[in-house]
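Engineer: Right, I'll just put the structure down here and ask away after.
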Amino acid sequence: MDARNFDKKKLPSRYVTEGPARAPHRSYLYAMGLTREQIHQPLVGVASCWNEAAPCNISLMRQAQAVKKGVSAAGGTPREFCTITVTDGIAMGHQGMKSSLVSRDLIADSVELTMRGHCYDALVGLAGCDKSLPGMMMSMVRLNVPSIFIYGGSILPGNFRGQQVTVQDLFEAVGKHSVGDMSNEDLDELESVACPSAGACGAQFTANTMATVSEAIGLALPYSAGAPAPYEIRDRFCMTAGEMVMDLIARNIRPRDIVTLKSLENAATVVAASGGSTNAALHLPAIAHECGIKFDLFDVAEIFKRTPYIADLKPGGRYVAKDMFEAGGIPQLMKTLLDHGFLHGDCMTVTGRTIAENMEQVKWNSHQDVVRPANKPLSPNGGVVGLKGNLAPEGAIVKVAGMTTEQLKFSGPARCFDTEEECFECVRKRGYKQGDVLVIRYEGPRGGPGMREMLATTAALYGQGMGDKVALITDGRFSGATRGFCVGHVGPEAAVGGPIALLQDGDIIDLDAINGTLSVRLSADELAARHASWKPRTTDYGSGAIWKYAQVVGPAVNGAVTHPGHAGETHVYADI
């Protein structure tokens, strides 16, 4: 594509490359080896969440080079930059997890600031781990410059004595080890083989859930989100993304043309159909918030309620992301959902075509059983369910993929813990009873601060053989790898005096994922009396980034967002 097709007078980069007054700015670009022609072409930000923290991110810098080749081939000038990532697998089970959700908004903010400060005309964003995916997509719709999202790809499954394994098996192995069901030697061997390559956690945990979202919402190229990180085809997708973002500039197709109420509904549909992570119920409202669309936890839950569960993926099912890709990828899932009326086919995508047009050439693969036809589902209801009741007036969320009908209701006495560490120590020592409802509170967005995930605790329960014999509720979050009756995002959170803060040991809690309710057997008068004597708690963060987050973060029902979003906009960056 010839650069002369682009009118710089309409692009943000004109503020740093055009006219005599910008000679100092251009001198910086010459200092980096750019030619006159390159300086006057559109400048494309290539944002990568690369780091050496974990395998999820380690291949992103290499993939970014392929994106840059594509941009250059199509007449653009790529400008690569990196932002942070906090990787949940490393942060899990200790204070580091308080950084995780905070990083989502910091990623969006840092990409925004880099784009604004240097006046880039378009964005290709590469992300690999849980919060970096929604963070990158949030920045795209916030800036509203032509953008394409690239997922770094999933890890390959490990092999432990002939059995396919993921990091989920390791977290559960910790529980087995704690009760003597796994030796030190076996644990050592498992940890050395569970994660054999670059890439994000391999099952339908949060990273692969949000990768699935990226295709369904229209911000990623078809098939691109499914290919595992080590596969060479990833470079082809990356180069194509670089080329196609130039086409989006020429056609002025922007993220807010793509991310609409209908496309958000499509995204929620694929989450439910794939048995995806409950974290999507936090991230989809946050993405919607950036462009002024009302789409909260209850809207997400309504989609979940009417969507069939059709992808047999871990942690509730049998397969991992690699299997899904080889069976036909995310388009295979979307095709059957579209054919049976569960997707809006008229939504625009980064291909410049609609979802329906993208799906025209997708053929159903009858030689696989990773994805079922939408009219022959694993379960008629989605793999994720929203709950509401006197214990969660602002809602809650539970992942039910892989659970039997008998497991979808649970009643039992509360065992209350004010931190994850307290609960984990109780579980480690087997200080709970079958039938208990473990309550972890003051772990919400404001109260944590940071809304930690509870995978270490839930996995330990499964490892002890008790995963289906107790329930757990929290105003924090759960990993996409969590399974069992584990209810997260309970709101209002304890830190603001929500009902979960008023629970006492022995209160009977009723959980019902069939009717979508979460309640405690207490009268309104009793709850009011307890609230009158309740006092707010201080957190152990009085300064720094996590303290700052706690001052501005909103409730989980709206995505735990940290700024006014579209409602407070005076201008959109793309139109400066």
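By order in the structure tokens, chains are A, B, ...; within a chain, residues start at 1; ligands start at 1, following the order shown.
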So that I can check the surroundings of A:Gly202, please list as a list in words every protein, DNA and RNA residue that reaches within 6 Å of it, counting only C-alpha atoms and ignoring chain neighbours fewer than 3 positions away.

Structural biologist: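 Answer for this query is Ser154, Ile155, Val320 and Ala321 of chain A.
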
Engineer: Just list the residues in stretch 279-458 of chain A DSSP gives helix (DSSP H, G or I) on the backbone, as an MDAnalysis selection string.

Structural biologist: chainID A and resid 280:290 297:305 321:327 329:339 355:359 405:408 420:428 455:458

Engineer: Which one of A:Met210, A:Leu29, A:Leu156, A:Ile310 sits closest to A:Tyr231 if you count only C-alpha atoms?

Structural biologist: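 Going through A:Met210, A:Leu29, A:Leu156, A:Ile310 one by one, the smallest distance to A:Tyr231 is for A:Leu156.
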
Engineer: Which neighbours of A:Met324 fall inside 12 Å, counting only C-alpha atoms, when residues of the same chain fewer than 4 positions from it are skipped, and could you give them as number ranges by chain?

Structural biologist: A: 154, 156, 202-204, 208, 212, 223, 225-228, 274, 310-314, 317-320, 328-333, 365, 368-372

Engineer: Any chance you could export the current selection's C-alpha atoms as a JSON list (two decimals), in the first residue's frame?

Structural biologist:
[["chain", "number", "residue", "atom", "x", "y", "z"],
["A", 154, "SER", "CA", -1.20, -20.54, 24.45],
["A", 156, "LEU", "CA", 1.60, -26.46, 24.77],
["A", 202, "GLY", "CA", -3.17, -23.79, 28.01],
["A", 203, "ALA", "CA", -6.76, -24.41, 29.09],
["A", 204, "GLN", "CA", -9.80, -22.12, 29.01],
["A", 208, "ASN", "CA", -7.54, -18.06, 26.53],
["A", 212, "THR", "CA", -11.55, -16.07, 22.46],
["A", 223, "TYR", "CA", -7.96, -17.92, 13.83],
["A", 225, "ALA", "CA", -6.09, -16.11, 18.87],
["A", 226, "GLY", "CA", -6.09, -19.91, 18.82],
["A", 227, "ALA", "CA", -2.64, -20.75, 17.48],
["A", 228, "PRO", "CA", -0.23, -21.83, 20.27],
["A", 274, "SER", "CA", -16.54, -22.26, 25.96],
["A", 310, "ILE", "CA", -20.46, -26.52, 23.81],
["A", 311, "ALA", "CA", -16.64, -26.47, 24.07],
["A", 312, "ASP", "CA", -15.24, -29.36, 26.10],
["A", 313, "LEU", "CA", -12.26, -27.45, 27.47],
["A", 314, "LYS", "CA", -10.34, -27.67, 30.72],
["A", 317, "GLY", "CA", -13.67, -30.47, 30.32],
["A", 318, "ARG", "CA", -11.06, -32.60, 28.59],
["A", 319, "TYR", "CA", -9.18, -30.47, 26.08],
["A", 320, "VAL", "CA", -6.77, -27.52, 25.92],
["A", 328, "GLY", "CA", -10.87, -25.64, 13.72],
["A", 329, "GLY", "CA", -10.06, -22.83, 16.10],
["A", 330, "ILE", "CA", -12.32, -20.18, 17.56],
["A", 331, "PRO", "CA", -14.14, -19.78, 14.20],
["A", 332, "GLN", "CA", -15.37, -23.37, 14.61],
["A", 333, "LEU", "CA", -17.00, -22.34, 17.90],
["A", 365, "ASN", "CA", -15.36, -30.27, 11.29],
["A", 368, "GLN", "CA", -13.52, -33.64, 16.22],
["A", 369, "ASP", "CA", -15.34, -33.54, 19.55],
["A", 370, "VAL", "CA", -13.69, -30.54, 21.16],
["A", 371, "VAL", "CA", -16.60, -28.33, 20.09],
["A", 372, "ARG", "CA", -20.13, -29.68, 19.98]]

Engineer: Mind checking which residues fall within 9 Å of stretch 351-359 of chain A, counting only C-alpha atoms, ignoring those fewer than 5 positions away in the same chain, and posting them as a list in words?

Structural biologist: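 My reading of the contact set: Ala216, Gly218, Leu219, Ala220, Leu221, Pro222, Met244, Asp247, Leu248, Arg251, Ile253, Pro331, Gln332, Met334, Lys335, Leu338, Leu343, His344, Gly345 and Asp346 of chain A.
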
Engineer: Would you please work out which residue, of A:Asn159, A:Ser13, A:Asn252, A:Gln65, is nearest to A:Gly117 when using only C-alpha atoms?

Structural biologist: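 Going through A:Asn159, A:Ser13, A:Asn252, A:Gln65 one by one, the smallest distance to A:Gly117 is for A:Ser13.
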
Engineer: Pick out the residues sitting within 8 Å of A:Ala550, and hand them over as a list of chain:residue names; count only C-alpha atoms, and ignore anything fewer than 3 positions along from it in its own chain.

Structural biologist: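 So, after excluding close chain neighbours, the residues are A:Pro445, A:Arg446, A:Gly447, A:Pro449, A:Gly450, A:Ile546, A:Trp547, A:Val553.
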
Engineer: I need the residues in stretch 140-326 of chain A that are strand (DSSP E) according to DSSP; give them as number ranges by chain.

Structural biologist: A: 147-151, 158-160, 163-165

Engineer: Just write the chosen residues, all heavy atoms, as a short mmCIF file (atom, residue, chain, number, x, y, z; two decimals), in the first residue's frame.

Structural biologist:
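Saved as out_15.cif:
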data_model
loop_
_atom_site.label_atom_id
_atom_site.label_comp_id
_atom_site.auth_asym_id
_atom_site.auth_seq_id
_atom_site.Cartn_x
_atom_site.Cartn_y
_atom_site.Cartn_z
N SER A 147 -7.06 -0.15 15.12
CA SER A 147 -6.32 -1.06 16.01
C SER A 147 -6.60 -2.51 15.68
O SER A 147 -7.71 -2.87 15.27
CB SER A 147 -6.72 -0.81 17.47
OG SER A 147 -6.49 0.52 17.88
N ILE A 148 -5.60 -3.35 15.92
CA ILE A 148 -5.76 -4.81 15.82
C ILE A 148 -5.10 -5.43 17.04
O ILE A 148 -3.98 -5.06 17.42
CB ILE A 148 -5.16 -5.37 14.53
CG1 ILE A 148 -5.92 -4.84 13.30
CG2 ILE A 148 -5.20 -6.90 14.54
CD1 ILE A 148 -5.41 -5.36 11.97
N PHE A 149 -5.79 -6.38 17.63
CA PHE A 149 -5.28 -7.08 18.81
C PHE A 149 -4.62 -8.39 18.39
O PHE A 149 -5.15 -9.11 17.54
CB PHE A 149 -6.41 -7.37 19.79
CG PHE A 149 -5.96 -8.15 20.99
CD1 PHE A 149 -5.37 -7.52 22.06
CD2 PHE A 149 -6.09 -9.53 21.02
CE1 PHE A 149 -4.93 -8.24 23.16
CE2 PHE A 149 -5.65 -10.27 22.12
CZ PHE A 149 -5.06 -9.62 23.18
N ILE A 150 -3.49 -8.70 19.01
CA ILE A 150 -2.79 -9.96 18.77
C ILE A 150 -2.56 -10.67 20.11
O ILE A 150 -1.98 -10.08 21.03
CB ILE A 150 -1.42 -9.74 18.09
CG1 ILE A 150 -1.60 -9.24 16.66
CG2 ILE A 150 -0.59 -11.01 18.10
CD1 ILE A 150 -2.02 -10.29 15.67
N TYR A 151 -3.03 -11.89 20.21
CA TYR A 151 -2.74 -12.74 21.37
C TYR A 151 -1.43 -13.47 21.11
O TYR A 151 -1.20 -13.97 20.01
CB TYR A 151 -3.88 -13.73 21.54
CG TYR A 151 -3.74 -14.73 22.67
CD1 TYR A 151 -3.25 -14.37 23.93
CD2 TYR A 151 -4.15 -16.05 22.48
CE1 TYR A 151 -3.16 -15.29 24.95
CE2 TYR A 151 -4.07 -16.98 23.51
CZ TYR A 151 -3.57 -16.59 24.74
OH TYR A 151 -3.48 -17.51 25.77
N GLY A 158 1.69 -30.03 28.96
CA GLY A 158 2.77 -30.87 29.45
C GLY A 158 2.36 -32.33 29.42
O GLY A 158 1.20 -32.68 29.16
N ASN A 159 3.33 -33.19 29.67
CA ASN A 159 3.06 -34.64 29.70
C ASN A 159 3.68 -35.21 30.97
O ASN A 159 4.89 -35.17 31.16
CB ASN A 159 3.63 -35.31 28.46
CG ASN A 159 3.21 -36.77 28.37
OD1 ASN A 159 3.62 -37.60 29.18
ND2 ASN A 159 2.40 -37.08 27.38
N PHE A 160 2.82 -35.75 31.83
CA PHE A 160 3.27 -36.35 33.08
C PHE A 160 2.90 -37.83 33.05
O PHE A 160 1.75 -38.20 33.22
CB PHE A 160 2.60 -35.65 34.27
CG PHE A 160 2.99 -36.20 35.62
CD1 PHE A 160 4.30 -36.10 36.08
CD2 PHE A 160 2.04 -36.82 36.42
CE1 PHE A 160 4.65 -36.60 37.32
CE2 PHE A 160 2.38 -37.32 37.67
CZ PHE A 160 3.70 -37.21 38.12
N GLN A 163 0.08 -38.61 30.77
CA GLN A 163 -1.13 -37.82 30.95
C GLN A 163 -0.87 -36.36 30.57
O GLN A 163 0.14 -35.78 30.96
CB GLN A 163 -1.59 -37.88 32.41
CG GLN A 163 -1.95 -39.28 32.89
CD GLN A 163 -3.15 -39.84 32.17
OE1 GLN A 163 -4.18 -39.17 32.01
NE2 GLN A 163 -3.04 -41.08 31.72
N GLN A 164 -1.80 -35.77 29.81
CA GLN A 164 -1.70 -34.36 29.45
C GLN A 164 -1.97 -33.51 30.68
O GLN A 164 -2.97 -33.71 31.37
CB GLN A 164 -2.72 -34.05 28.35
CG GLN A 164 -2.63 -32.66 27.77
CD GLN A 164 -3.46 -32.50 26.50
OE1 GLN A 164 -3.04 -32.83 25.42
NE2 GLN A 164 -4.67 -32.01 26.65
N VAL A 165 -1.08 -32.56 30.97
CA VAL A 165 -1.24 -31.75 32.18
C VAL A 165 -1.05 -30.27 31.87
O VAL A 165 -0.46 -29.89 30.85
CB VAL A 165 -0.22 -32.16 33.28
CG1 VAL A 165 -0.52 -33.55 33.81
CG2 VAL A 165 1.22 -32.06 32.77
#

Engineer: Show which residues sit within 12 Å of A:Glu189, as a CSV table (one decimal) with all heavy atoms, in the first residue's frame. Count only C-alpha atoms, and ignore same-chain residues fewer than 2 positions away.

Structural biologist:
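selection-v5.csv, freshly written:
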chain,number,residue,atom,x,y,z
A,158,GLY,N,1.7,-30.0,29.0
A,158,GLY,CA,2.8,-30.9,29.4
A,158,GLY,C,2.4,-32.3,29.4
A,158,GLY,O,1.2,-32.7,29.2
A,159,ASN,N,3.3,-33.2,29.7
A,159,ASN,CA,3.1,-34.6,29.7
A,159,ASN,C,3.7,-35.2,31.0
A,159,ASN,O,4.9,-35.2,31.2
A,159,ASN,CB,3.6,-35.3,28.5
A,159,ASN,CG,3.2,-36.8,28.4
A,159,ASN,OD1,3.6,-37.6,29.2
A,159,ASN,ND2,2.4,-37.1,27.4
A,160,PHE,N,2.8,-35.7,31.8
A,160,PHE,CA,3.3,-36.3,33.1
A,160,PHE,C,2.9,-37.8,33.1
A,160,PHE,O,1.7,-38.2,33.2
A,160,PHE,CB,2.6,-35.6,34.3
A,160,PHE,CG,3.0,-36.2,35.6
A,160,PHE,CD1,4.3,-36.1,36.1
A,160,PHE,CD2,2.0,-36.8,36.4
A,160,PHE,CE1,4.6,-36.6,37.3
A,160,PHE,CE2,2.4,-37.3,37.7
A,160,PHE,CZ,3.7,-37.2,38.1
A,161,ARG,N,3.9,-38.7,32.7
A,161,ARG,CA,3.7,-40.1,32.7
A,161,ARG,C,2.5,-40.5,31.8
A,161,ARG,O,1.7,-41.3,32.2
A,161,ARG,CB,3.5,-40.6,34.1
A,161,ARG,CG,4.7,-40.3,35.0
A,161,ARG,CD,4.5,-40.7,36.5
A,161,ARG,NE,5.6,-40.3,37.3
A,161,ARG,CZ,5.6,-40.4,38.6
A,161,ARG,NH1,4.6,-41.0,39.3
A,161,ARG,NH2,6.7,-40.0,39.3
A,170,LEU,N,-0.7,-28.6,38.7
A,170,LEU,CA,0.3,-28.4,39.7
A,170,LEU,C,-0.3,-27.7,41.0
A,170,LEU,O,0.0,-28.1,42.1
A,170,LEU,CB,1.4,-27.5,39.1
A,170,LEU,CG,2.7,-28.1,38.7
A,170,LEU,CD1,3.6,-27.1,38.1
A,170,LEU,CD2,3.3,-28.8,39.8
A,173,ALA,N,-1.9,-30.3,42.7
A,173,ALA,CA,-1.0,-31.2,43.3
A,173,ALA,C,-0.5,-30.7,44.7
A,173,ALA,O,-0.1,-31.5,45.5
A,173,ALA,CB,0.2,-31.4,42.4
A,182,MET,N,0.7,-37.1,47.4
A,182,MET,CA,1.7,-37.0,46.4
A,182,MET,C,3.0,-36.8,47.1
A,182,MET,O,3.2,-36.0,48.1
A,182,MET,CB,1.4,-35.8,45.5
A,182,MET,CG,2.5,-35.6,44.4
A,182,MET,SD,2.1,-34.3,43.2
A,182,MET,CE,1.1,-35.4,42.0
A,183,SER,N,4.0,-37.5,46.6
A,183,SER,CA,5.4,-37.5,47.2
A,183,SER,C,6.1,-36.2,46.8
A,183,SER,O,5.8,-35.6,45.8
A,183,SER,CB,6.2,-38.7,46.9
A,183,SER,OG,6.5,-38.7,45.5
A,184,ASN,N,7.2,-35.9,47.5
A,184,ASN,CA,8.1,-34.8,47.0
A,184,ASN,C,8.6,-35.1,45.7
A,184,ASN,O,8.7,-34.2,44.8
A,184,ASN,CB,9.2,-34.7,48.0
A,184,ASN,CG,8.8,-34.1,49.4
A,184,ASN,OD1,7.8,-33.5,49.5
A,184,ASN,ND2,9.6,-34.4,50.4
A,185,GLU,N,9.0,-36.3,45.4
A,185,GLU,CA,9.6,-36.7,44.1
A,185,GLU,C,8.6,-36.5,43.0
A,185,GLU,O,8.9,-36.0,41.9
A,185,GLU,CB,10.1,-38.1,44.1
A,185,GLU,CG,11.3,-38.4,45.1
A,185,GLU,CD,10.9,-38.4,46.6
A,185,GLU,OE1,9.6,-38.6,46.8
A,185,GLU,OE2,11.7,-38.2,47.4
A,186,ASP,N,7.3,-36.9,43.2
A,186,ASP,CA,6.3,-36.8,42.2
A,186,ASP,C,6.0,-35.3,41.9
A,186,ASP,O,5.8,-34.9,40.7
A,186,ASP,CB,5.0,-37.5,42.6
A,186,ASP,CG,5.2,-39.0,42.5
A,186,ASP,OD1,6.2,-39.5,41.9
A,186,ASP,OD2,4.2,-39.7,42.9
A,187,LEU,N,5.9,-34.5,42.9
A,187,LEU,CA,5.7,-33.1,42.8
A,187,LEU,C,6.8,-32.4,42.0
A,187,LEU,O,6.6,-31.6,41.1
A,187,LEU,CB,5.5,-32.4,44.2
A,187,LEU,CG,5.1,-30.9,44.2
A,187,LEU,CD1,3.8,-30.8,43.5
A,187,LEU,CD2,5.1,-30.4,45.6
A,191,GLU,N,6.3,-30.6,38.3
A,191,GLU,CA,6.6,-29.1,38.1
A,191,GLU,C,7.6,-29.0,37.0
A,191,GLU,O,7.6,-27.9,36.3
A,191,GLU,CB,7.1,-28.5,39.4
A,191,GLU,CG,8.5,-28.8,39.8
A,191,GLU,CD,8.9,-28.1,41.1
A,191,GLU,OE1,8.2,-28.2,42.1
A,191,GLU,OE2,9.9,-27.4,41.0
A,192,SER,N,8.4,-30.0,36.7
A,192,SER,CA,9.4,-29.8,35.7
A,192,SER,C,8.9,-30.1,34.3
A,192,SER,O,9.5,-29.8,33.3
A,192,SER,CB,10.6,-30.8,35.9
A,192,SER,OG,10.2,-32.1,35.8
A,193,VAL,N,7.6,-30.7,34.2
A,193,VAL,CA,7.1,-31.0,32.8
A,193,VAL,C,5.8,-30.3,32.5
A,193,VAL,O,5.3,-30.4,31.4
A,193,VAL,CB,6.9,-32.6,32.7
A,193,VAL,CG1,8.2,-33.3,32.9
A,193,VAL,CG2,5.9,-33.1,33.7
A,194,ALA,N,5.2,-29.7,33.5
A,194,ALA,CA,3.8,-29.1,33.3
A,194,ALA,C,3.8,-28.0,32.3
A,194,ALA,O,2.7,-27.9,31.6
A,194,ALA,CB,3.2,-28.7,34.6
A,195,CYS,N,4.8,-27.2,32.1
A,195,CYS,CA,4.8,-26.1,31.2
A,195,CYS,C,6.0,-26.2,30.3
A,195,CYS,O,7.1,-25.6,30.5
A,195,CYS,CB,4.9,-24.8,32.1
A,195,CYS,SG,3.5,-24.5,33.2

Engineer: Rank A:Val427, A:Met466, A:Val439, A:Leu101 by their smallest atom-to-atom distance to A:Ile509, using only C-alpha atoms, and report the top residue only.

Structural biologist: A:Val439

Engineer: Please compute the atom CA of A:Ala396-atom CA of A:Asp525 distance, one decimal, in Å.

Structural biologist: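 One can read the atom CA of A:Ala396 to atom CA of A:Asp525 distance as 22.6 Å.
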
Engineer: Leaving out A:Gly395 and any residue of its chain fewer than 3 positions from it, which residues lie within 7 Å of it when counting only C-alpha atoms, given as a list in words?

Structural biologist: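 So the residues in contact are Gly386, Leu387, Lys388, Ala392, Val490, Gly491 and Val557 of chain A.
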
Engineer: For A:Thr269, which of A:Ile287, A:Val300, A:Leu143, A:Met239 is the closest residue, counting only C-alpha atoms?

Structural biologist: A:Val300

Engineer: So the first atom is atom CA of A:Lys429 and the second is atom CA of A:Trp534; what is the distance between them in Å, to one decimal place?

Structural biologist: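 Going from atom CA of A:Lys429 over to atom CA of A:Trp534, I get 29.8 Å.
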